[in-house]
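Data block for protein.cif (mmCIF, C-alpha atoms and all ligand atoms):
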data_coords
#
loop_
_atom_site.label_atom_id
_atom_site.label_comp_id
_atom_site.auth_asym_id
_atom_site.auth_seq_id
_atom_site.Cartn_x
_atom_site.Cartn_y
_atom_site.Cartn_z
CA MET A 247 21.34 5.78 41.89
CA THR A 248 17.64 5.43 42.64
CA GLY A 249 15.86 2.33 43.96
CA LYS A 250 18.27 -0.21 42.35
CA ALA A 251 15.56 -2.37 40.77
CA VAL A 252 15.70 -3.25 37.06
CA VAL A 253 12.40 -2.96 35.19
CA VAL A 254 11.65 -4.15 31.65
CA PHE A 255 8.97 -3.15 29.18
CA SER A 256 7.96 -4.04 25.66
CA GLU A 257 4.56 -3.98 23.99
CA GLU A 258 5.71 -7.33 22.50
CA ASP A 259 5.79 -9.79 25.40
CA SER A 260 8.33 -12.14 23.77
CA LEU A 261 10.82 -9.27 23.54
CA ALA A 262 10.23 -8.24 27.16
CA LEU A 263 11.03 -11.84 28.18
CA GLU A 264 14.35 -11.57 26.33
CA LEU A 265 15.18 -8.46 28.37
CA LEU A 266 14.34 -10.17 31.65
CA GLY A 267 17.46 -12.41 31.38
CA MET A 268 19.68 -9.31 31.31
CA ALA A 269 17.53 -7.60 33.97
CA LYS A 270 17.98 -10.58 36.28
CA ARG A 271 21.78 -10.46 35.93
CA LEU A 272 21.93 -6.71 36.59
CA ALA A 273 19.50 -6.90 39.52
CA GLY A 274 21.64 -9.69 41.00
CA GLU A 275 24.72 -7.46 40.83
CA LEU A 276 22.77 -4.58 42.38
CA GLY A 277 21.30 -6.85 45.07
CA SER A 278 17.81 -5.88 44.01
CA TRP A 279 14.68 -7.14 42.23
CA THR A 280 13.41 -7.31 38.68
CA GLY A 281 10.14 -5.83 37.51
CA ALA A 282 8.10 -6.01 34.32
CA ILE A 283 5.44 -3.64 33.06
CA VAL A 284 2.73 -5.63 31.29
CA LEU A 285 -0.13 -4.11 29.32
CA GLY A 286 -3.31 -6.08 30.04
CA ASP A 287 -4.07 -8.74 32.63
CA SER A 288 -4.00 -12.01 30.66
CA GLU A 289 -3.17 -14.66 33.28
CA ASP A 290 -1.12 -16.75 30.85
CA VAL A 291 1.00 -13.79 29.84
CA VAL A 292 1.57 -12.69 33.45
CA ALA A 293 2.59 -16.26 34.37
CA LYS A 294 5.18 -16.24 31.59
CA TYR A 295 6.80 -13.12 33.02
CA ALA A 296 7.17 -14.84 36.42
CA GLU A 297 8.55 -17.95 34.69
CA TYR A 298 11.21 -15.86 32.97
CA GLY A 299 12.42 -13.99 36.03
CA ALA A 300 10.10 -11.10 36.99
CA ASP A 301 9.89 -10.55 40.76
CA LYS A 302 7.23 -7.83 40.46
CA ILE A 303 4.79 -7.60 37.60
CA PHE A 304 3.03 -4.28 37.11
CA VAL A 305 -0.15 -5.10 35.25
CA VAL A 306 -1.33 -1.93 33.55
CA LEU A 307 -5.06 -1.69 32.88
CA GLY A 308 -6.67 0.80 30.58
CA VAL A 309 -4.09 1.02 27.78
CA ASP A 310 -4.08 -1.03 24.59
CA PRO A 311 -0.96 -0.59 22.41
CA ARG A 312 -2.90 -1.63 19.29
CA LYS A 313 -5.56 1.05 19.74
CA ASP A 314 -3.79 3.74 21.74
CA GLY A 315 -0.72 5.39 20.26
CA PRO A 316 2.82 5.40 21.66
CA ASP A 317 2.04 8.58 23.59
CA ALA A 318 -0.60 6.80 25.67
CA VAL A 319 1.64 3.76 26.24
CA ALA A 320 4.53 6.04 27.20
CA GLU A 321 2.34 7.95 29.65
CA ALA A 322 1.34 4.66 31.31
CA VAL A 323 4.93 3.38 31.49
CA SER A 324 6.10 6.75 32.88
CA GLN A 325 3.53 6.57 35.63
CA VAL A 326 4.74 3.13 36.75
CA ILE A 327 8.42 4.10 36.52
CA SER A 328 7.96 7.34 38.46
CA SER A 329 6.20 5.49 41.28
CA THR A 330 8.84 2.69 41.51
CA MET A 331 11.96 4.66 40.52
CA PRO A 332 14.19 1.74 39.50
CA SER A 333 17.87 2.18 38.62
CA ILE A 334 17.51 0.74 35.15
CA VAL A 335 14.65 0.55 32.66
CA LEU A 336 15.23 -1.83 29.73
CA MET A 337 12.97 -1.58 26.68
CA ALA A 338 12.98 -3.41 23.35
CA ALA A 339 13.99 -1.06 20.54
CA THR A 340 10.88 -1.62 18.46
CA LYS A 341 9.38 1.35 16.64
CA MET A 342 7.03 1.93 19.56
CA GLY A 343 9.68 1.06 22.18
CA LYS A 344 12.05 3.73 20.89
CA GLU A 345 9.34 6.38 21.10
CA VAL A 346 8.21 5.25 24.53
CA ALA A 347 11.80 5.24 25.88
CA ALA A 348 12.47 8.79 24.71
CA TYR A 349 9.19 10.00 26.20
CA VAL A 350 9.77 8.26 29.54
CA ALA A 351 13.32 9.62 29.85
CA GLN A 352 12.14 13.11 28.96
CA SER A 353 9.27 13.06 31.43
CA LEU A 354 11.60 11.84 34.23
CA ARG A 355 14.34 14.30 33.18
CA THR A 356 16.83 11.47 32.94
CA GLY A 357 19.16 9.95 30.34
CA CYS A 358 18.22 7.65 27.49
CA ALA A 359 20.55 5.44 25.43
CA SER A 360 19.11 3.72 22.39
CA GLU A 361 19.93 0.47 20.54
CA CYS A 362 22.44 -0.67 23.18
CA LEU A 363 24.35 -3.86 22.51
CA ASP A 364 25.41 -4.42 26.09
CA VAL A 365 24.61 -3.11 29.57
CA SER A 366 26.91 -3.47 32.58
CA LEU A 367 27.75 -1.95 35.94
CA ARG A 368 31.05 -0.18 36.44
CA ASP A 369 31.97 1.44 39.76
CA SER A 370 28.26 1.46 40.69
CA GLN A 371 27.37 3.31 37.50
CA VAL A 372 25.42 1.93 34.55
CA GLU A 373 27.48 1.64 31.39
CA VAL A 374 26.15 0.78 27.94
CA THR A 375 27.83 -0.04 24.63
CA ARG A 376 26.28 1.12 21.38
CA LEU A 377 27.22 1.65 17.76
CA VAL A 378 27.75 5.27 16.72
CA MET A 379 28.67 7.19 13.56
CA GLY A 380 26.70 4.99 11.22
CA GLY A 381 27.89 1.85 12.97
CA GLY A 382 31.59 2.52 12.35
CA PHE A 383 32.50 2.83 16.04
CA LEU A 384 31.49 1.39 19.40
CA ALA A 385 30.87 3.95 22.14
CA ARG A 386 30.81 3.23 25.86
CA ILE A 387 28.41 5.53 27.66
CA VAL A 388 28.04 6.00 31.41
CA PHE A 389 24.77 7.29 32.84
CA MET A 390 24.95 10.40 35.03
CA ARG A 391 21.24 10.49 35.91
CA TYR A 392 18.85 7.74 36.92
CA PRO A 393 16.75 5.78 36.19
CA ALA A 394 18.89 4.82 33.19
CA VAL A 395 16.47 4.35 30.29
CA ILE A 396 17.93 1.91 27.77
CA THR A 397 16.62 0.36 24.58
CA VAL A 398 18.03 -2.91 23.22
CA PRO A 399 17.56 -4.23 19.64
CA PRO A 400 15.10 -7.16 19.42
CA HIS A 401 16.73 -10.60 19.79
CA ARG A 402 19.97 -9.16 21.19
CA PHE A 403 19.53 -11.26 24.35
CA GLN A 404 17.94 -14.66 24.82
CA ALA A 405 14.90 -15.33 26.98
CA ILE A 406 16.06 -17.64 29.77
CA PRO A 407 13.56 -19.48 32.00
CA SER A 408 14.44 -18.55 35.60
CA ARG A 409 11.58 -18.23 38.05
CA GLY A 410 11.04 -14.85 39.71
CA GLU A 411 8.79 -14.08 42.69
CA GLY A 412 6.02 -13.03 40.32
CA THR A 413 4.18 -10.68 42.70
CA VAL A 414 1.42 -8.97 40.73
CA GLU A 415 0.52 -5.32 41.25
CA LYS A 416 -2.40 -3.96 39.25
CA VAL A 417 -1.99 -0.38 38.13
CA LYS A 418 -4.93 1.57 36.76
CA VAL A 419 -3.60 4.47 34.78
CA THR A 420 -5.49 7.34 33.30
CA VAL A 421 -3.79 8.58 30.23
CA GLN A 422 -4.44 11.85 28.59
CA LYS A 423 -3.75 11.49 24.90
CA ARG A 424 -1.65 14.32 23.56
CA LEU A 425 -1.79 13.39 19.89
CA SER A 426 -4.72 12.74 17.62
CA LYS A 427 -4.58 10.95 14.27
CA VAL A 428 -5.32 13.09 11.26
CA GLY A 429 -5.05 10.26 8.73
CA ILE A 430 -3.47 6.90 8.04
CA ARG A 431 -1.52 5.98 4.93
CA PRO A 432 -0.71 2.25 4.68
CA VAL A 433 2.90 1.32 4.04
CA GLU A 434 3.40 -1.60 1.68
CA LYS A 435 4.71 -4.53 3.71
CA SER A 436 5.78 -8.04 2.77
CA GLY A 437 5.20 -9.28 6.32
CA VAL A 438 8.45 -11.22 6.15
CA LYS A 439 10.43 -11.69 9.39
CA LEU A 440 13.88 -11.06 7.95
CA GLU A 441 15.40 -10.90 11.44
CA GLU A 442 14.58 -14.58 11.92
CA ALA A 443 15.63 -15.80 8.44
CA GLU A 444 18.30 -18.52 8.27
CA ALA A 445 19.43 -17.34 4.84
CA VAL A 446 19.07 -13.98 3.10
CA VAL A 447 19.75 -12.97 -0.50
CA ALA A 448 19.96 -9.17 -0.52
CA VAL A 449 19.95 -7.04 -3.65
CA GLY A 450 21.32 -3.58 -4.31
CA ARG A 451 21.53 -1.02 -7.04
CA GLY A 452 23.70 -3.36 -9.09
CA LEU A 453 20.37 -4.54 -10.52
CA LYS A 454 19.45 -2.47 -13.56
CA ARG A 455 15.69 -3.06 -13.77
CA LYS A 456 12.88 -4.08 -11.43
CA GLU A 457 12.19 -7.14 -13.62
CA ASP A 458 15.71 -8.38 -12.85
CA LEU A 459 14.64 -9.01 -9.26
CA LYS A 460 13.47 -12.39 -10.49
CA LEU A 461 17.12 -13.46 -10.87
CA ALA A 462 17.68 -12.88 -7.15
CA GLU A 463 14.28 -14.41 -6.31
CA GLU A 464 15.34 -17.58 -8.13
CA LEU A 465 18.56 -17.76 -6.12
CA ALA A 466 16.62 -17.15 -2.90
CA GLY A 467 14.17 -19.90 -3.88
CA ALA A 468 17.00 -22.35 -4.62
CA LEU A 469 18.68 -21.58 -1.27
CA GLY A 470 15.46 -21.42 0.78
CA ALA A 471 16.38 -17.82 1.60
CA GLU A 472 14.35 -14.64 2.14
CA LEU A 473 14.84 -11.67 -0.15
CA GLY A 474 16.26 -8.48 1.38
CA CYS A 475 17.59 -5.26 -0.11
CA THR A 476 19.45 -2.01 0.39
CA ARG A 477 17.57 1.19 1.17
CA PRO A 478 17.68 2.63 -2.37
CA ILE A 479 15.87 -0.48 -3.67
CA SER A 480 12.89 -0.09 -1.31
CA GLY A 481 13.05 3.58 -0.32
CA ASP A 482 13.99 5.30 -3.59
CA LEU A 483 13.11 2.85 -6.37
CA LYS A 484 10.17 1.21 -4.51
CA TRP A 485 10.99 -2.14 -6.14
CA LEU A 486 10.48 -3.99 -2.84
CA PRO A 487 8.45 -3.20 0.30
CA GLU A 488 10.11 -1.12 3.03
CA ASP A 489 10.24 -4.02 5.48
CA ARG A 490 12.78 -5.82 3.30
CA HIS A 491 15.46 -3.18 3.63
CA ILE A 492 18.43 -4.03 5.79
CA GLY A 493 20.68 -1.63 7.65
CA LEU A 494 20.89 1.30 9.99
CA SER A 495 17.41 2.55 9.17
CA GLY A 496 16.02 -0.91 8.34
CA LYS A 497 16.13 -4.47 9.64
CA ARG A 498 19.06 -6.06 11.51
CA VAL A 499 19.56 -9.61 10.31
CA LYS A 500 21.82 -12.44 11.48
CA PRO A 501 21.30 -15.38 9.12
CA LYS A 502 23.63 -18.33 8.70
CA LEU A 503 24.10 -17.28 5.06
CA TYR A 504 23.95 -13.74 3.60
CA VAL A 505 24.40 -13.27 -0.14
CA ALA A 506 24.95 -9.63 -1.15
CA VAL A 507 24.10 -9.11 -4.82
CA GLY A 508 25.21 -5.83 -6.44
CA ILE A 509 25.60 -4.11 -3.06
CA SER A 510 28.49 -1.68 -2.55
CA GLY A 511 28.73 -2.24 1.23
CA GLN A 512 28.22 1.24 2.66
CA ILE A 513 28.39 1.29 6.45
CA GLN A 514 24.68 2.13 6.75
CA HIS A 515 23.89 -1.19 5.08
CA VAL A 516 26.65 -3.23 6.71
CA VAL A 517 25.51 -2.51 10.29
CA GLY A 518 22.33 -4.40 9.49
CA MET A 519 24.02 -7.61 8.29
CA ARG A 520 27.38 -7.78 10.00
CA GLU A 521 26.23 -10.44 12.46
CA SER A 522 25.62 -12.87 9.57
CA LYS A 523 27.64 -16.08 9.86
CA VAL A 524 28.81 -16.63 6.27
CA VAL A 525 28.75 -13.74 3.81
CA VAL A 526 29.01 -14.11 0.03
CA CYS A 527 29.42 -10.99 -2.11
CA ILE A 528 28.70 -10.76 -5.83
CA ASN A 529 30.00 -7.46 -7.20
CA ASN A 530 31.84 -6.63 -10.41
CA ASP A 531 33.91 -3.92 -8.72
CA PRO A 532 36.91 -5.50 -6.95
CA ASN A 533 37.21 -2.41 -4.75
CA ALA A 534 33.61 -2.47 -3.45
CA PRO A 535 33.75 -2.30 0.39
CA MET A 536 31.31 -5.23 0.57
CA HIS A 537 34.16 -7.61 -0.34
CA ARG A 538 35.89 -6.72 2.95
CA GLU A 539 32.79 -7.83 4.88
CA SER A 540 32.62 -11.15 3.03
CA ASP A 541 33.91 -14.67 3.53
CA TYR A 542 33.56 -15.41 -0.20
CA SER A 543 33.80 -12.83 -3.00
CA ILE A 544 32.70 -13.29 -6.57
CA VAL A 545 34.09 -10.41 -8.66
CA ASN A 546 31.95 -10.66 -11.74
CA ASP A 547 28.76 -9.47 -13.42
CA LEU A 548 25.74 -10.51 -11.35
CA TYR A 549 23.81 -11.12 -14.58
CA LYS A 550 26.23 -13.96 -15.34
CA VAL A 551 26.76 -15.18 -11.79
CA LEU A 552 23.15 -15.51 -10.60
CA PRO A 553 21.87 -17.83 -13.37
CA ALA A 554 25.06 -19.93 -13.07
CA LEU A 555 24.64 -20.24 -9.28
CA VAL A 556 20.97 -21.16 -9.58
CA SER A 557 21.61 -23.85 -12.16
CA THR A 558 24.53 -25.27 -10.11
CA ILE A 559 22.44 -25.41 -6.92
CA LYS A 560 19.52 -27.00 -8.76
CA GLY A 561 21.91 -29.52 -10.34
CA LEU A 562 23.39 -30.42 -6.94
CA LYS A 563 19.91 -30.77 -5.44
CA GLY A 564 18.88 -32.96 -8.37
CA ARG A 565 21.75 -35.31 -7.55
CA GLY A 566 20.54 -35.41 -3.93
C1 LIG B 601 20.94 8.31 7.42
C2 LIG B 601 21.12 7.24 6.38
C3 LIG B 601 20.62 5.99 6.65
C4 LIG B 601 20.78 4.97 5.72
N1 LIG B 601 20.29 3.73 6.02
C5 LIG B 601 20.51 2.74 5.15
C6 LIG B 601 20.09 1.41 5.46
O1 LIG B 601 19.51 1.15 6.53
N2 LIG B 601 20.31 0.44 4.55
C7 LIG B 601 20.96 0.67 3.36
O2 LIG B 601 21.14 -0.28 2.59
N3 LIG B 601 21.35 1.92 3.05
C8 LIG B 601 21.15 2.95 3.90
N4 LIG B 601 21.55 4.19 3.54
C9 LIG B 601 22.08 4.41 2.18
C10 LIG B 601 23.56 3.99 2.08
O3 LIG B 601 24.38 5.07 2.44
C11 LIG B 601 23.93 3.61 0.64
O4 LIG B 601 23.60 4.67 -0.23
C12 LIG B 601 23.22 2.34 0.14
O5 LIG B 601 23.40 1.29 1.07
C13 LIG B 601 23.83 1.93 -1.19
O6 LIG B 601 23.00 0.95 -1.76
P1 LIG B 601 23.54 -0.06 -2.88
O7 LIG B 601 24.72 -0.80 -2.33
O8 LIG B 601 22.35 -0.82 -3.34
O9 LIG B 601 23.93 0.89 -4.07
P2 LIG B 601 25.34 1.39 -4.61
O10 LIG B 601 26.13 2.02 -3.53
O11 LIG B 601 25.05 2.20 -5.81
O12 LIG B 601 26.11 0.05 -5.05
C14 LIG B 601 25.75 -0.73 -6.14
C15 LIG B 601 26.86 -1.78 -6.30
O13 LIG B 601 26.51 -2.67 -7.35
C16 LIG B 601 27.67 -3.01 -8.07
N5 LIG B 601 27.26 -3.40 -9.42
C17 LIG B 601 26.78 -2.61 -10.41
N6 LIG B 601 26.49 -3.36 -11.49
C18 LIG B 601 26.81 -4.64 -11.19
C19 LIG B 601 26.75 -5.86 -11.90
N7 LIG B 601 26.25 -5.93 -13.16
N8 LIG B 601 27.18 -6.99 -11.29
C20 LIG B 601 27.68 -6.97 -10.04
N9 LIG B 601 27.74 -5.82 -9.31
C21 LIG B 601 27.31 -4.68 -9.87
C22 LIG B 601 28.53 -1.76 -8.06
O14 LIG B 601 29.89 -2.09 -8.22
C23 LIG B 601 28.22 -1.19 -6.68
O15 LIG B 601 29.21 -1.61 -5.72
C24 LIG B 601 21.41 5.22 4.47
C25 LIG B 601 21.91 6.51 4.21
C26 LIG B 601 21.76 7.49 5.15
C27 LIG B 601 22.29 8.86 4.83
#
Same coordinates, now as structure tokens:
Amino acid sequence: MTGKAVVVFSEEDSLALELLGMAKRLAGELGSWTGAIVLGDSEDVVAKYAEYGADKIFVVLGVDPRKDGPDAVAEAVSQVISSTMPSIVLMAATKMGKEVAAYVAQSLRTGCASECLDVSLRDSQVEVTRLVMGGGFLARIVFMRYPAVITVPPHRFQAIPSRGEGTVEKVKVTVQKRLSKVGIRPVEKSGVKLEEAEAVVAVGRGLKRKEDLKLAEELAGALGAELGCTRPISGDLKWLPEDRHIGLSGKRVKPKLYVAVGISGQIQHVVGMRESKVVVCINNDPNAPMHRESDYSIVNDLYKVLPALVSTIKGLKGRG
């Protein structure tokens, strides 16, 4: 292993703070320190990192993630990592984080494991657990080269206040951009934070027409839930914006209540909702795999079930 420290990075400070809790535990086991790479020198932000466990805070000047692309951010992070050579680098698996992690690992000629659910030390080696084969299996992976570059899905760990030494080191990096934008095409977004929703009503191809979305919207309204969907609904049919699709290539949600409406339950969808507390499935096919993922199954036509559910919920609410 290299210098034994554990360093975290995310362009979203709240996610980096979540990683610091895990970093602190690992650094404790390694008998080393925790570090955080922070873009910009806002005093309030830097103080937060110390409050949540960072012993050393590398304040990077000269890179703005909103203006500069992931290549510039990655170049800056690489420069800090190559000068500190920690054992472990934890990054939040945001869109930018995943790109940055791959770039950093490549430039340091080391290993990179993405979307890890857990990180531990085994016989002085770093071991991670991650879903593989569309989420059907859990793999345990041991790093052979260091630093171990690891990405973790947002909100996998909790931010835990635990004061670190908070020594600040300012790093001025000069990045040479390797990519230039040739054009920007906006993606339609709802702006909804599905990952944080307490209840989700998700729709699939069991709906016959776009107009029928209103049936699910009414149920979501009655339950105080957000509307989500499978990939065909947003990606192929374009009935809902891309940021409402749940699954392997979409959002990972963990609401208290998840209602799957006309969804077959393919593994690529299920990996995005399997951490939900209570799952209700409405599907007219008794053999749909979604039933196996559910606490409550309604085997019936969604066009009959949804209006009945909405009127029952409204009736119950009316009675207080
Ligand atoms: C690399 C890759 C990544 C992918 N990533 C994702 C992902 O992130 N998220 C995702 O969702 N998918 C993803 N997919 C697609 C995934 O494999 C499935 O094709 C998709 O999840 C199926 O969507 P669905 O359940 O809406 O449709 P279908 O599989 O067509 O299921 C529709 C269901 O509706 C039921 N139904 C029909 N009519 C009614 C009715 N009147 N009442 C009640 N039920 C009815 C049917 O019985 C059926 O079970 C990915 C695929 C690949 C290859």
Problem - Pick from A:Leu276, A:Ala405, A:Ala506, A:Val556, whichever lies nearest to ligand LIG 601 (chain B) using all atoms listed in the file - result: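 Ranking A:Leu276, A:Ala405, A:Ala506, A:Val556 by distance to ligand LIG 601 (chain B), first place goes to A:Ala506.
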Practice task
Have a look at atom O12 of ligand LIG 601 (chain B) and CA of Ala468 in chain A and let me know their distance in Å, one decimal.
Solution key: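 One can read the atom O12 of ligand LIG 601 (chain B) to CA of Ala468 in chain A distance as 24.2 Å.
When CA of Ala322 in chain A is paired with CA of Lys435 in chain A, their separation reads 29.3 Å.
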Name all residues at most 12 Å from Val395 in chain A (count only C-alpha atoms; drop same-chain ones fewer than 3 positions away) and give them as an mmCIF file with C-alpha atoms, in the coordinates of the input.
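Heads up, here's the output in around_11.cif:
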data_model
loop_
_atom_site.group_PDB
_atom_site.id
_atom_site.type_symbol
_atom_site.label_atom_id
_atom_site.label_comp_id
_atom_site.auth_asym_id
_atom_site.auth_seq_id
_atom_site.Cartn_x
_atom_site.Cartn_y
_atom_site.Cartn_z
ATOM 1 C CA VAL A 252 15.700 -3.250 37.060
ATOM 2 C CA VAL A 253 12.400 -2.960 35.190
ATOM 3 C CA VAL A 254 11.650 -4.150 31.650
ATOM 4 C CA PHE A 255 8.970 -3.150 29.180
ATOM 5 C CA VAL A 323 4.930 3.380 31.490
ATOM 6 C CA SER A 324 6.100 6.750 32.880
ATOM 7 C CA ILE A 327 8.420 4.100 36.520
ATOM 8 C CA MET A 331 11.960 4.660 40.520
ATOM 9 C CA PRO A 332 14.190 1.740 39.500
ATOM 10 C CA SER A 333 17.870 2.180 38.620
ATOM 11 C CA ILE A 334 17.510 0.740 35.150
ATOM 12 C CA VAL A 335 14.650 0.550 32.660
ATOM 13 C CA LEU A 336 15.230 -1.830 29.730
ATOM 14 C CA MET A 337 12.970 -1.580 26.680
ATOM 15 C CA ALA A 338 12.980 -3.410 23.350
ATOM 16 C CA ALA A 339 13.990 -1.060 20.540
ATOM 17 C CA GLY A 343 9.680 1.060 22.180
ATOM 18 C CA LYS A 344 12.050 3.730 20.890
ATOM 19 C CA GLU A 345 9.340 6.380 21.100
ATOM 20 C CA VAL A 346 8.210 5.250 24.530
ATOM 21 C CA ALA A 347 11.800 5.240 25.880
ATOM 22 C CA ALA A 348 12.470 8.790 24.710
ATOM 23 C CA TYR A 349 9.190 10.000 26.200
ATOM 24 C CA VAL A 350 9.770 8.260 29.540
ATOM 25 C CA ALA A 351 13.320 9.620 29.850
ATOM 26 C CA GLN A 352 12.140 13.110 28.960
ATOM 27 C CA SER A 353 9.270 13.060 31.430
ATOM 28 C CA LEU A 354 11.600 11.840 34.230
ATOM 29 C CA ARG A 355 14.340 14.300 33.180
ATOM 30 C CA THR A 356 16.830 11.470 32.940
ATOM 31 C CA GLY A 357 19.160 9.950 30.340
ATOM 32 C CA CYS A 358 18.220 7.650 27.490
ATOM 33 C CA ALA A 359 20.550 5.440 25.430
ATOM 34 C CA SER A 360 19.110 3.720 22.390
ATOM 35 C CA GLU A 361 19.930 0.470 20.540
ATOM 36 C CA CYS A 362 22.440 -0.670 23.180
ATOM 37 C CA VAL A 365 24.610 -3.110 29.570
ATOM 38 C CA VAL A 372 25.420 1.930 34.550
ATOM 39 C CA GLU A 373 27.480 1.640 31.390
ATOM 40 C CA VAL A 374 26.150 0.780 27.940
ATOM 41 C CA VAL A 388 28.040 6.000 31.410
ATOM 42 C CA PHE A 389 24.770 7.290 32.840
ATOM 43 C CA MET A 390 24.950 10.400 35.030
ATOM 44 C CA ARG A 391 21.240 10.490 35.910
ATOM 45 C CA TYR A 392 18.850 7.740 36.920
ATOM 46 C CA VAL A 398 18.030 -2.910 23.220
#
Exercise for the section: Return as a PyMOL selection string every polymer residue, whether protein, DNA or RNA, with at least one atom no more than 8 Å from an atom of ligand LIG 601 (chain B); count only C-alpha atoms and all ligand atoms. Expected result: chain A and resi 380+449-454+475-479+491-497+507-518+528-532+534-536+545-549
Handout entry: For CA of Ala300 in chain A and CA of Gly267 in chain A, the interatomic separation in Å (one decimal)
Key =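 We find that CA of Ala300 in chain A and CA of Gly267 in chain A lie 9.3 Å from each other.
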Practice task
Using only C-alpha atoms, collect all residues at a distance of at most 6 Å from (21.3, -5.8, 13.2) as written in the file, then present them as a ChimeraX atom specification.
Solution key: /A:498-499,518-519
Practice task
Extract, using only C-alpha atoms, all DNA, RNA and protein residues at most 10 Å from Lys294 in chain A, discarding same-chain residues fewer than 4 positions from it, and format them as a VMD selection string.
Solution key: chain A and resid 259 to 260 263 289 to 290 298 to 300 407 409 412
Exercise for the section: Using only C-alpha atoms, determine which residues lie at most 12 Å from Asp314 in chain A, disregarding the query and same-chain residues fewer than 6 positions distant; provide the list as a PyMOL selection string. Expected result: chain A and resi 257+285+308+320-322+342+421-427
Output C-alpha atoms for every residue in the selection just made, as a short mmCIF file (atom, residue, chain, number, x, y, z; two decimals), in the frame of the given file.
data_model
loop_
_atom_site.label_atom_id
_atom_site.label_comp_id
_atom_site.auth_asym_id
_atom_site.auth_seq_id
_atom_site.Cartn_x
_atom_site.Cartn_y
_atom_site.Cartn_z
CA GLU A 257 4.56 -3.98 23.99
CA LEU A 285 -0.13 -4.11 29.32
CA GLY A 308 -6.67 0.80 30.58
CA ALA A 320 4.53 6.04 27.20
CA GLU A 321 2.34 7.95 29.65
CA ALA A 322 1.34 4.66 31.31
CA MET A 342 7.03 1.93 19.56
CA VAL A 421 -3.79 8.58 30.23
CA GLN A 422 -4.44 11.85 28.59
CA LYS A 423 -3.75 11.49 24.90
CA ARG A 424 -1.65 14.32 23.56
CA LEU A 425 -1.79 13.39 19.89
CA SER A 426 -4.72 12.74 17.62
CA LYS A 427 -4.58 10.95 14.27
#
Problem - Minimum-distance residue to Ala262 in chain A, chosen among A:Val447, A:Ile406, A:Leu503, A:Ile430 (using all atoms listed in the file) - result: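 For Ala262 in chain A, the nearest of the candidates is A:Ile406.
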Practice task
In the coordinates of the file, take the point (0.9, -3.5, 29.3) and a cut-off of 8 Å; then, counting all atoms listed in the file, name each qualifying protein, DNA or RNA residue as a PyMOL selection string.
Solution key: chain A and resi 256-257+283-287+305-307+309-311+319
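The closest residue to Ser436 in chain A, picked from A:Leu486, A:Leu363, A:Val526, A:Leu261 and counting all atoms listed in the file, is A:Leu486.
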For range 342-353 of chain A, where the input has fewer atoms than it should, I would like N, CA and C atoms rebuilt and written as a short mmCIF file (atom, residue, chain, number, x, y, z; two decimals), keeping the file's coordinate frame.
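Here's the written file out_19.cif:
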data_model
loop_
_atom_site.label_atom_id
_atom_site.label_comp_id
_atom_site.auth_asym_id
_atom_site.auth_seq_id
_atom_site.Cartn_x
_atom_site.Cartn_y
_atom_site.Cartn_z
N MET A 342 7.74 1.33 18.43
CA MET A 342 7.03 1.93 19.56
C MET A 342 7.96 2.07 20.76
N GLY A 343 8.79 1.04 21.02
CA GLY A 343 9.68 1.06 22.18
C GLY A 343 10.61 2.27 22.16
N LYS A 344 11.12 2.61 20.98
CA LYS A 344 12.05 3.73 20.89
C LYS A 344 11.34 5.03 21.23
N GLU A 345 10.10 5.16 20.79
CA GLU A 345 9.34 6.38 21.10
C GLU A 345 9.02 6.45 22.58
N VAL A 346 8.60 5.29 23.11
CA VAL A 346 8.21 5.25 24.53
C VAL A 346 9.42 5.58 25.41
N ALA A 347 10.59 5.01 25.07
CA ALA A 347 11.80 5.24 25.88
C ALA A 347 12.15 6.73 25.92
N ALA A 348 12.11 7.37 24.77
CA ALA A 348 12.47 8.79 24.71
C ALA A 348 11.49 9.61 25.55
N TYR A 349 10.22 9.27 25.46
CA TYR A 349 9.19 10.00 26.20
C TYR A 349 9.38 9.82 27.71
N VAL A 350 9.62 8.56 28.11
CA VAL A 350 9.77 8.26 29.54
C VAL A 350 10.98 9.02 30.11
N ALA A 351 12.10 8.94 29.37
CA ALA A 351 13.32 9.62 29.85
C ALA A 351 13.09 11.13 29.95
N GLN A 352 12.39 11.67 28.96
CA GLN A 352 12.14 13.11 28.96
C GLN A 352 11.25 13.48 30.13
N SER A 353 10.21 12.68 30.36
CA SER A 353 9.27 13.06 31.43
C SER A 353 9.90 12.89 32.81
#
